[in-house]
$ cat input_22.csv   # CSV, C-alpha atoms
chain,number,residue,atom,x,y,z
A,1,MET,CA,0.6,-34.2,-6.4
A,2,ASN,CA,4.2,-33.0,-6.1
A,3,ALA,CA,6.7,-34.5,-3.7
A,4,ILE,CA,7.4,-32.1,-0.9
A,5,ASP,CA,10.6,-31.7,1.1
A,6,LEU,CA,9.8,-31.7,4.8
A,7,LYS,CA,12.4,-29.0,5.3
A,8,THR,CA,10.5,-26.6,3.1
A,9,ILE,CA,7.3,-26.7,5.2
A,10,LYS,CA,6.6,-23.4,7.0
A,11,PHE,CA,4.2,-22.5,9.8
A,12,GLY,CA,2.7,-19.1,10.4
A,13,LEU,CA,-0.2,-17.2,12.1
A,14,ASP,CA,-3.0,-15.1,10.8
A,15,THR,CA,-5.2,-12.5,12.6
A,16,PHE,CA,-8.0,-10.3,11.4
A,17,GLY,CA,-7.3,-8.0,14.4
A,18,ASP,CA,-10.5,-9.0,16.3
A,19,VAL,CA,-11.3,-6.7,19.2
A,20,THR,CA,-10.2,-8.5,22.3
A,21,ASN,CA,-11.8,-8.9,25.7
A,22,ASP,CA,-9.9,-8.5,29.0
A,23,ASP,CA,-9.6,-11.5,31.3
A,24,SER,CA,-13.0,-10.7,32.9
A,25,GLY,CA,-14.8,-10.7,29.5
A,26,VAL,CA,-15.1,-7.0,29.1
A,27,PRO,CA,-14.4,-5.7,25.5
A,28,GLU,CA,-11.2,-3.7,25.2
A,29,THR,CA,-10.7,-0.7,23.0
A,30,ALA,CA,-9.5,-0.9,19.4
A,31,ALA,CA,-6.3,0.8,20.6
A,32,GLN,CA,-5.6,-1.8,23.2
A,33,SER,CA,-6.4,-4.6,20.8
A,34,ILE,CA,-3.8,-3.2,18.4
A,35,ARG,CA,-1.2,-3.1,21.2
A,36,ASN,CA,-2.2,-6.7,22.0
A,37,ILE,CA,-1.4,-7.7,18.4
A,38,ILE,CA,2.1,-6.2,18.7
A,39,GLU,CA,2.6,-8.4,21.8
A,40,GLN,CA,1.2,-11.4,19.9
A,41,GLY,CA,3.5,-10.8,16.9
A,42,LYS,CA,6.6,-10.4,19.2
A,43,LEU,CA,5.8,-13.8,20.8
A,44,ALA,CA,5.3,-15.4,17.4
A,45,ASP,CA,8.8,-14.2,16.5
A,46,GLU,CA,10.3,-15.4,19.8
A,47,VAL,CA,8.9,-19.0,19.4
A,48,GLY,CA,10.4,-19.3,15.9
A,49,LEU,CA,7.4,-19.1,13.6
A,50,PHE,CA,7.9,-18.3,9.9
A,51,GLY,CA,5.2,-15.7,9.4
A,52,PHE,CA,2.7,-13.3,11.0
A,53,ASN,CA,-0.1,-12.0,8.8
A,54,ILE,CA,-2.6,-9.2,9.6
A,55,GLY,CA,-5.9,-8.7,7.8
A,56,GLU,CA,-7.7,-5.5,6.8
A,57,HIS,CA,-11.3,-4.7,7.8
A,58,HIS,CA,-13.4,-1.6,8.3
A,59,ARG,CA,-15.9,-2.6,11.0
A,60,ASP,CA,-16.1,-2.1,14.8
A,61,ASP,CA,-15.5,-5.8,15.6
A,62,TYR,CA,-12.0,-5.7,14.1
A,63,ALA,CA,-9.4,-3.2,15.3
A,64,VAL,CA,-7.1,-3.2,12.2
A,65,SER,CA,-8.1,-1.1,9.2
A,66,ALA,CA,-4.5,-0.3,8.3
A,67,PRO,CA,-2.5,-3.5,8.5
A,68,ALA,CA,0.6,-2.0,6.9
A,69,THR,CA,0.9,0.4,9.8
A,70,VAL,CA,0.7,-2.3,12.4
A,71,LEU,CA,3.2,-4.4,10.5
A,72,ALA,CA,5.6,-1.5,10.3
A,73,GLY,CA,5.4,-1.3,14.1
A,74,LEU,CA,6.1,-5.0,14.3
A,75,ALA,CA,9.1,-4.7,12.0
A,76,THR,CA,10.9,-2.6,14.6
A,77,VAL,CA,10.4,-5.0,17.5
A,78,THR,CA,10.8,-8.4,15.8
A,79,LYS,CA,13.9,-10.1,14.3
A,80,ASN,CA,13.2,-13.0,12.0
A,81,ILE,CA,9.5,-13.5,11.3
A,82,THR,CA,8.0,-12.7,7.9
A,83,LEU,CA,5.5,-9.9,8.2
A,84,GLY,CA,2.5,-10.0,5.8
A,85,SER,CA,-1.0,-8.9,5.0
A,86,GLY,CA,-3.7,-11.5,5.6
A,87,VAL,CA,-5.2,-10.1,3.4
A,88,VAL,CA,-4.9,-6.7,1.8
A,89,VAL,CA,-8.3,-6.0,0.2
A,90,LEU,CA,-6.8,-5.0,-3.1
A,91,SER,CA,-10.1,-4.3,-4.9
A,92,SER,CA,-10.5,-1.1,-2.8
A,93,GLU,CA,-6.9,-0.3,-2.3
A,94,ASP,CA,-4.4,1.7,-4.5
A,95,PRO,CA,-1.8,-0.9,-5.8
A,96,ILE,CA,0.9,1.8,-5.9
A,97,ARG,CA,0.4,2.7,-2.3
A,98,VAL,CA,0.3,-1.0,-1.4
A,99,TYR,CA,3.6,-1.5,-3.0
A,100,GLN,CA,5.1,1.6,-1.3
A,101,GLN,CA,3.8,0.6,2.1
A,102,PHE,CA,5.2,-2.9,1.9
A,103,ALA,CA,8.5,-1.8,0.4
A,104,THR,CA,8.7,0.4,3.5
A,105,ILE,CA,7.9,-2.5,5.8
A,106,ASP,CA,10.6,-4.5,3.9
A,107,ALA,CA,13.1,-1.8,4.7
A,108,LEU,CA,12.2,-1.5,8.3
A,109,SER,CA,12.3,-5.3,8.7
A,110,ASN,CA,15.5,-6.0,6.7
A,111,GLY,CA,13.7,-7.9,4.0
A,112,ARG,CA,10.8,-9.6,5.8
A,113,ALA,CA,7.7,-8.2,4.1
A,114,GLU,CA,5.2,-10.3,2.2
A,115,ILE,CA,1.9,-9.4,0.5
A,116,THR,CA,-1.2,-11.6,0.4
A,117,ALA,CA,-3.9,-10.1,-1.8
A,118,ASP,CA,-7.5,-11.0,-2.1
A,119,ARG,CA,-10.9,-9.6,-2.8
A,120,GLY,CA,-11.9,-10.2,0.8
A,121,SER,CA,-15.1,-11.6,2.2
A,122,PHE,CA,-16.4,-8.2,3.5
A,123,THR,CA,-17.6,-5.3,1.4
A,124,GLU,CA,-17.5,-2.4,3.9
A,125,SER,CA,-14.5,-0.9,2.1
A,126,PHE,CA,-16.3,-0.4,-1.2
A,127,PRO,CA,-18.7,2.4,-0.1
A,128,LEU,CA,-16.1,3.8,2.3
A,129,PHE,CA,-13.6,4.5,-0.5
A,130,GLY,CA,-16.2,5.2,-3.3
A,131,TYR,CA,-16.2,1.9,-5.2
A,132,GLU,CA,-19.2,0.2,-6.7
A,133,LEU,CA,-19.9,-3.4,-5.8
A,134,SER,CA,-20.9,-4.0,-9.4
A,135,ASP,CA,-17.2,-3.6,-10.2
A,136,TYR,CA,-16.1,-6.2,-7.6
A,137,ALA,CA,-14.4,-8.7,-9.9
A,138,ASP,CA,-13.0,-6.2,-12.4
A,139,LEU,CA,-11.4,-4.0,-9.7
A,140,PHE,CA,-9.5,-7.0,-8.3
A,141,GLU,CA,-8.4,-8.3,-11.6
A,142,GLU,CA,-7.0,-5.0,-12.8
A,143,LYS,CA,-5.4,-4.0,-9.6
A,144,LEU,CA,-3.8,-7.3,-9.0
A,145,GLU,CA,-2.2,-7.2,-12.5
A,146,LEU,CA,-0.9,-3.7,-11.8
A,147,LEU,CA,0.5,-4.8,-8.4
A,148,VAL,CA,2.3,-7.7,-10.2
A,149,GLU,CA,3.9,-5.2,-12.5
A,150,LEU,CA,4.9,-2.9,-9.6
A,151,LEU,CA,6.5,-5.8,-7.8
A,152,LYS,CA,9.0,-6.2,-10.6
A,153,GLU,CA,10.4,-2.9,-9.4
A,154,GLY,CA,11.2,-1.5,-12.9
A,155,PRO,CA,9.6,1.3,-14.9
A,156,VAL,CA,5.9,0.6,-15.3
A,157,THR,CA,3.8,1.4,-18.4
A,158,TRP,CA,0.2,0.8,-17.8
A,159,THR,CA,-3.3,1.7,-19.1
A,160,GLY,CA,-6.1,1.1,-16.7
A,161,LYS,CA,-9.8,1.6,-16.3
A,162,HIS,CA,-9.8,1.7,-12.5
A,163,THR,CA,-6.1,2.6,-12.1
A,164,PRO,CA,-3.9,5.4,-13.3
A,165,ASN,CA,-2.3,5.4,-16.8
A,166,LEU,CA,1.5,5.2,-16.3
A,167,LYS,CA,4.3,5.7,-18.8
A,168,HIS,CA,7.7,4.4,-17.9
A,169,GLN,CA,6.9,5.4,-14.3
A,170,GLU,CA,9.3,4.5,-11.6
A,171,VAL,CA,7.8,3.8,-8.1
A,172,TYR,CA,9.8,4.2,-4.9
A,173,PRO,CA,11.2,3.1,-2.6
A,174,LYS,CA,12.9,0.1,-4.3
A,175,THR,CA,13.6,-2.9,-2.0
A,176,GLU,CA,17.2,-4.0,-1.3
A,177,ARG,CA,16.4,-7.6,-2.3
A,178,GLY,CA,14.6,-6.5,-5.5
A,179,SER,CA,11.2,-8.0,-4.9
A,180,ILE,CA,8.5,-8.7,-2.4
A,181,PRO,CA,6.8,-12.1,-2.3
A,182,LEU,CA,3.2,-12.2,-3.4
A,183,ARG,CA,0.5,-14.7,-2.5
A,184,VAL,CA,-3.0,-14.6,-3.9
A,185,GLY,CA,-5.8,-15.7,-1.5
A,186,VAL,CA,-8.3,-18.2,-3.0
A,187,GLY,CA,-11.4,-19.5,-1.3
A,188,GLY,CA,-12.5,-22.1,-3.8
A,189,SER,CA,-12.7,-20.5,-7.3
A,190,PRO,CA,-11.0,-22.4,-10.1
A,191,GLU,CA,-10.7,-19.1,-12.0
A,192,SER,CA,-8.8,-17.6,-9.1
A,193,VAL,CA,-6.4,-20.6,-9.0
A,194,ILE,CA,-5.6,-20.2,-12.7
A,195,ARG,CA,-5.1,-16.4,-12.2
A,196,ALA,CA,-2.5,-17.0,-9.5
A,197,ALA,CA,-0.6,-19.4,-11.8
A,198,ARG,CA,-0.8,-17.0,-14.7
A,199,LEU,CA,0.5,-14.1,-12.6
A,200,ASP,CA,3.4,-16.1,-11.0
A,201,ALA,CA,1.9,-15.7,-7.5
A,202,ASN,CA,2.0,-18.2,-4.7
A,203,LEU,CA,-1.4,-19.8,-3.9
A,204,ALA,CA,-2.9,-19.3,-0.5
A,205,LEU,CA,-6.0,-21.5,0.1
A,206,ALA,CA,-8.5,-20.2,2.7
A,207,ILE,CA,-10.0,-23.4,4.1
A,208,ILE,CA,-12.5,-22.4,6.7
A,209,GLY,CA,-14.8,-25.4,6.7
A,210,GLY,CA,-15.1,-29.1,5.7
A,211,ASP,CA,-12.4,-31.7,5.1
A,212,PRO,CA,-9.3,-29.9,3.8
A,213,ALA,CA,-8.8,-32.8,1.4
A,214,ARG,CA,-11.5,-31.3,-0.8
A,215,PHE,CA,-9.0,-28.6,-1.8
A,216,ALA,CA,-6.5,-31.1,-3.2
A,217,PRO,CA,-8.0,-30.6,-6.7
A,218,TYR,CA,-7.2,-26.9,-6.5
A,219,ALA,CA,-3.6,-27.7,-5.7
A,220,LYS,CA,-3.5,-30.1,-8.7
A,221,LEU,CA,-5.2,-27.4,-10.9
A,222,TYR,CA,-2.6,-24.9,-9.9
A,223,TYR,CA,0.4,-27.1,-10.7
A,224,ASP,CA,-1.2,-28.3,-13.9
A,225,ALA,CA,-1.7,-24.7,-15.0
A,226,LEU,CA,1.9,-23.8,-14.1
A,227,ASP,CA,3.1,-26.9,-16.2
A,228,LYS,CA,0.9,-25.8,-19.1
A,229,MET,CA,2.4,-22.4,-19.0
A,230,HIS,CA,5.9,-23.8,-18.6
A,231,LYS,CA,6.4,-22.1,-15.3
A,232,PRO,CA,8.2,-23.4,-12.2
A,233,HIS,CA,6.1,-24.8,-9.4
A,234,ARG,CA,5.4,-22.5,-6.4
A,235,PRO,CA,4.5,-23.2,-2.8
A,236,ILE,CA,0.9,-23.6,-1.7
A,237,SER,CA,-0.2,-22.5,1.8
A,238,ILE,CA,-3.3,-23.2,3.9
A,239,HIS,CA,-5.1,-20.6,6.1
A,240,SER,CA,-7.5,-22.1,8.6
A,241,PRO,CA,-9.0,-21.0,12.0
A,242,GLY,CA,-8.3,-22.6,15.3
A,243,HIS,CA,-7.3,-22.3,19.0
A,244,ILE,CA,-5.0,-24.3,21.2
A,245,ALA,CA,-5.2,-24.9,24.9
A,246,ASP,CA,-3.9,-27.4,27.4
A,247,THR,CA,-6.7,-29.9,26.9
A,248,ASP,CA,-9.3,-30.5,24.1
A,249,GLU,CA,-12.1,-29.6,26.4
A,250,GLN,CA,-10.5,-26.3,27.5
A,251,ALA,CA,-9.8,-25.3,23.9
A,252,VAL,CA,-13.3,-26.1,22.7
A,253,GLU,CA,-15.0,-24.2,25.6
A,254,GLU,CA,-12.6,-21.2,25.3
A,255,MET,CA,-13.2,-20.7,21.6
A,256,TRP,CA,-16.9,-21.4,21.5
A,257,PRO,CA,-18.2,-18.0,22.9
A,258,ALA,CA,-15.8,-16.1,20.7
A,259,TYR,CA,-16.8,-18.2,17.7
A,260,GLU,CA,-20.5,-17.8,18.4
A,261,ALA,CA,-20.2,-14.0,18.8
A,262,ALA,CA,-18.1,-13.5,15.6
A,263,PHE,CA,-19.9,-15.9,13.3
A,264,GLY,CA,-23.3,-15.2,14.8
A,265,ARG,CA,-22.9,-11.5,13.9
A,266,ILE,CA,-21.7,-12.2,10.4
A,267,GLY,CA,-24.5,-14.7,10.0
A,268,ARG,CA,-27.2,-12.2,11.1
A,269,GLU,CA,-25.8,-9.7,8.7
A,270,ARG,CA,-25.9,-12.1,5.8
A,271,GLY,CA,-29.2,-13.9,6.6
A,272,TRP,CA,-27.7,-17.2,7.7
A,273,PRO,CA,-29.2,-19.5,10.3
A,274,PRO,CA,-28.1,-19.0,13.9
A,275,VAL,CA,-24.8,-20.6,14.9
A,276,GLN,CA,-25.3,-23.9,16.6
A,277,LYS,CA,-22.8,-25.4,19.0
A,278,GLY,CA,-23.4,-28.8,17.5
A,279,ASN,CA,-22.3,-27.6,14.1
A,280,TYR,CA,-19.2,-26.0,15.7
A,281,LEU,CA,-18.3,-29.3,17.5
A,282,HIS,CA,-18.8,-31.2,14.2
A,283,GLU,CA,-16.4,-28.8,12.5
A,284,VAL,CA,-13.9,-29.2,15.3
A,285,GLU,CA,-14.1,-33.0,15.1
A,286,TYR,CA,-14.2,-33.5,11.4
A,287,GLY,CA,-13.6,-30.2,9.6
A,288,SER,CA,-11.3,-27.3,9.3
A,289,LEU,CA,-11.5,-25.8,12.8
A,290,TYR,CA,-8.1,-26.6,14.5
A,291,VAL,CA,-9.3,-26.5,18.1
A,292,GLY,CA,-7.9,-28.7,20.8
A,293,SER,CA,-4.8,-29.8,22.7
A,294,VAL,CA,-1.3,-29.8,21.2
A,295,GLU,CA,-1.6,-33.4,20.0
A,296,THR,CA,-5.1,-33.0,18.5
A,297,VAL,CA,-4.2,-29.9,16.6
A,298,ALA,CA,-0.9,-31.2,15.4
A,299,LYS,CA,-2.5,-34.4,14.0
A,300,LYS,CA,-5.1,-32.3,12.1
A,301,ILE,CA,-2.5,-29.9,10.7
A,302,ALA,CA,-0.3,-32.8,9.5
A,303,TYR,CA,-3.4,-34.3,7.8
A,304,ALA,CA,-4.3,-31.0,6.1
A,305,LEU,CA,-0.8,-30.6,4.8
A,306,GLN,CA,-0.6,-34.2,3.5
A,307,SER,CA,-4.1,-34.2,2.0
A,308,VAL,CA,-3.7,-30.9,0.1
A,309,GLY,CA,0.0,-31.2,-0.6
A,310,ALA,CA,0.7,-27.8,0.9
A,311,HIS,CA,4.0,-26.3,1.9
A,312,ARG,CA,2.8,-23.9,4.6
A,313,PHE,CA,0.1,-23.8,7.3
A,314,ASP,CA,-1.1,-20.5,8.7
A,315,LEU,CA,-3.3,-20.8,11.8
A,316,LYS,CA,-5.9,-18.0,12.2
A,317,TYR,CA,-5.5,-17.9,15.9
A,318,ALA,CA,-7.9,-15.0,16.7
A,319,ASN,CA,-11.5,-15.8,16.0
A,320,GLY,CA,-13.8,-13.4,17.8
A,321,PRO,CA,-13.6,-11.6,21.1
A,322,MET,CA,-11.2,-13.7,23.1
A,323,SER,CA,-8.7,-12.5,25.8
A,324,ASN,CA,-5.1,-11.6,24.9
A,325,SER,CA,-3.9,-14.0,27.6
A,326,LYS,CA,-5.6,-16.9,26.0
A,327,LEU,CA,-4.4,-15.9,22.5
A,328,LEU,CA,-0.8,-15.6,23.8
A,329,HIS,CA,-1.0,-19.1,25.3
A,330,SER,CA,-2.3,-20.5,22.1
A,331,ILE,CA,0.5,-18.9,20.1
A,332,GLU,CA,3.1,-20.3,22.6
A,333,LEU,CA,1.7,-23.8,22.4
A,334,TYR,CA,1.6,-23.6,18.6
A,335,GLY,CA,5.2,-22.5,18.2
A,336,THR,CA,6.8,-24.5,20.9
A,337,LYS,CA,4.8,-27.7,20.8
A,338,VAL,CA,2.4,-28.1,17.9
A,339,VAL,CA,4.9,-27.2,15.1
A,340,PRO,CA,7.6,-29.7,16.3
A,341,MET,CA,5.0,-32.4,16.7
A,342,VAL,CA,3.7,-31.8,13.1
A,343,GLN,CA,7.2,-32.0,11.8
A,344,ASP,CA,7.7,-35.3,13.7
A,345,ILE,CA,4.5,-36.7,12.3
A,346,LEU,CA,5.3,-35.8,8.8
A,347,SER,CA,8.8,-37.2,9.1
A,348,LYS,CA,7.3,-40.6,10.0
A,349,GLU,CA,4.5,-40.4,7.5
A,350,PRO,CA,6.0,-39.2,4.2
A,351,ALA,CA,2.6,-39.1,2.4
A,352,PHE,CA,3.5,-36.3,0.0
A,353,SER,CA,3.6,-37.9,-3.4
$ encode --input "input_22.csv" --output "structure tokens"
Amino acid sequence: MNAIDLKTIKFGLDTFGDVTNDDSGVPETAAQSIRNIIEQGKLADEVGLFGFNIGEHHRDDYAVSAPATVLAGLATVTKNITLGSGVVVLSSEDPIRVYQQFATIDALSNGRAEITADRGSFTESFPLFGYELSDYADLFEEKLELLVELLKEGPVTWTGKHTPNLKHQEVYPKTERGSIPLRVGVGGSPESVIRAARLDANLALAIIGGDPARFAPYAKLYYDALDKMHKPHRPISIHSPGHIADTDEQAVEEMWPAYEAAFGRIGRERGWPPVQKGNYLHEVEYGSLYVGSVETVAKKIAYALQSVGAHRFDLKYANGPMSNSKLLHSIELYGTKVVPMVQDILSKEPAFS
């Protein structure tokens, strides 16, 4: 695994835009949930985090179906934080419009846009936009390759099956910096890792369960592929869910109802067994749920970065219908206390080698 300079490690936040509850537990509207996300993003910027990423979904338990629009709003009320998709479901999107949307966000934010593309774990967008699930893999492959060409910001010549044929086509607006960073989300497919390397995209590992060390082979595979292709090494990031509170017990009990509601619904839709609190607690203790006090979460994040050899950790801080006040407190603790503690741990335990 590659040696990693501690100074290059970055910390961010991810949200799927879960519909929030008010402090009494009553569900809020999608509109209020979106306004809450703006408040959360502003706080993330104020506490000095590197990135804030918003996902795309088309269901009633998530408020954000148009992340680029929310990010554009954040661009005008933040100063330093990188604003990204987390993820854009490229299989059912138009790559040209994705480029244009994020080039516009880049302009509004003075060069702070970032794209993370993936196939996504939900399929509601396919019938909504007239796509066939049988084309699931082909759509993503073709559209990702077109997006890579568009991000070069030159004239594009392209022949596609699911995308338009282009001949020396210029796409506007161009960015002032000449490019927008691209990450490809990977949930555990070796083919996806190789694809990211082939397309010169940064690798974003979605680790939502189990020991993060099990993803170390994917990091090695990525760097081996880049070496084989004679390409420079690129940063690897980790995306994992969690929640931070003043004590371990408080964090665990605050997150459990939201986790049970969110994953219980998904499980019922997919025919999974009911969510058990014992399994949740086991994942908190031993797996990739970063739930607990500042010290507990900091130690787990440091271990994840060390075991995978990653350069960035993005905490998915919203996981089901939790209140905005709890989410804001979690963000504040993450930025002001967890991140400095992780940096301190890593400075004393230089285990990247």
$ closest_residue --input "input_22.csv" --among "A:Thr15, A:Thr69, A:Gln306, A:Thr76" --to "A:His243" --atoms "all atoms listed in the file"
A:Thr15
$ residues_around --input "input_22.csv" --residues "A:Val184" --least-positions-apart "2" --cutoff "7 Å" --atoms "only C-alpha atoms" --output "list in words"
Thr116, Ala117, Asp118, Leu182, Val186, Ala196, Ala201, Asn202, Leu203 and Ala204 of chain A
$ closest_residue --input "input_22.csv" --among "A:Leu83, A:Ala206, A:Ala107, A:Leu199" --to "A:Gly120" --atoms "all atoms listed in the file"
A:Ala206
$ residues_around --input "input_22.csv" --residues "stretch 285-300 of chain A" --least-positions-apart "3" --cutoff "7 Å" --atoms "all atoms listed in the file" --output "list of chain:residue names"
A:Ile207, A:Ile208, A:Gly209, A:Gly210, A:Asp211, A:Pro212, A:Ser240, A:Pro241, A:Gly242, A:His243, A:Ile244, A:Ala245, A:Asp246, A:Thr247, A:Asp248, A:Ala251, A:Val252, A:Leu281, A:His282, A:Tyr303, A:Ala304, A:Leu333, A:Lys337, A:Val338, A:Met341, A:Val342
$ residues_around --input "input_22.csv" --residues "A:Glu153" --least-positions-apart "6" --cutoff "12 Å" --atoms "all atoms listed in the file" --output "list in words"
Ile96, Tyr99, Gln100, Ala103, Leu146, Leu147, His168, Gln169, Glu170, Val171, Tyr172, Pro173, Lys174, Thr175, Glu176, Arg177, Gly178, Ser179 and Ile180 of chain A
$ atom_distance --input "input_22.csv" --atom1 "atom CA of A:Asp135" --atom2 "atom CA of A:Pro67"
23.8 Å
$ closest_residue --input "input_22.csv" --among "A:His162, A:Arg265, A:Lys152, A:Lys42" --to "A:Arg59" --atoms "all atoms listed in the file"
A:Arg265
$ closest_residue --input "input_22.csv" --among "A:Lys10, A:Arg97, A:Arg119, A:Arg35" --to "A:Glu56" --atoms "all atoms listed in the file"
A:Arg119
$ atom_distance --input "input_22.csv" --atom1 "atom CA of A:Leu150" --atom2 "atom CA of A:Ala197"
17.5 Å
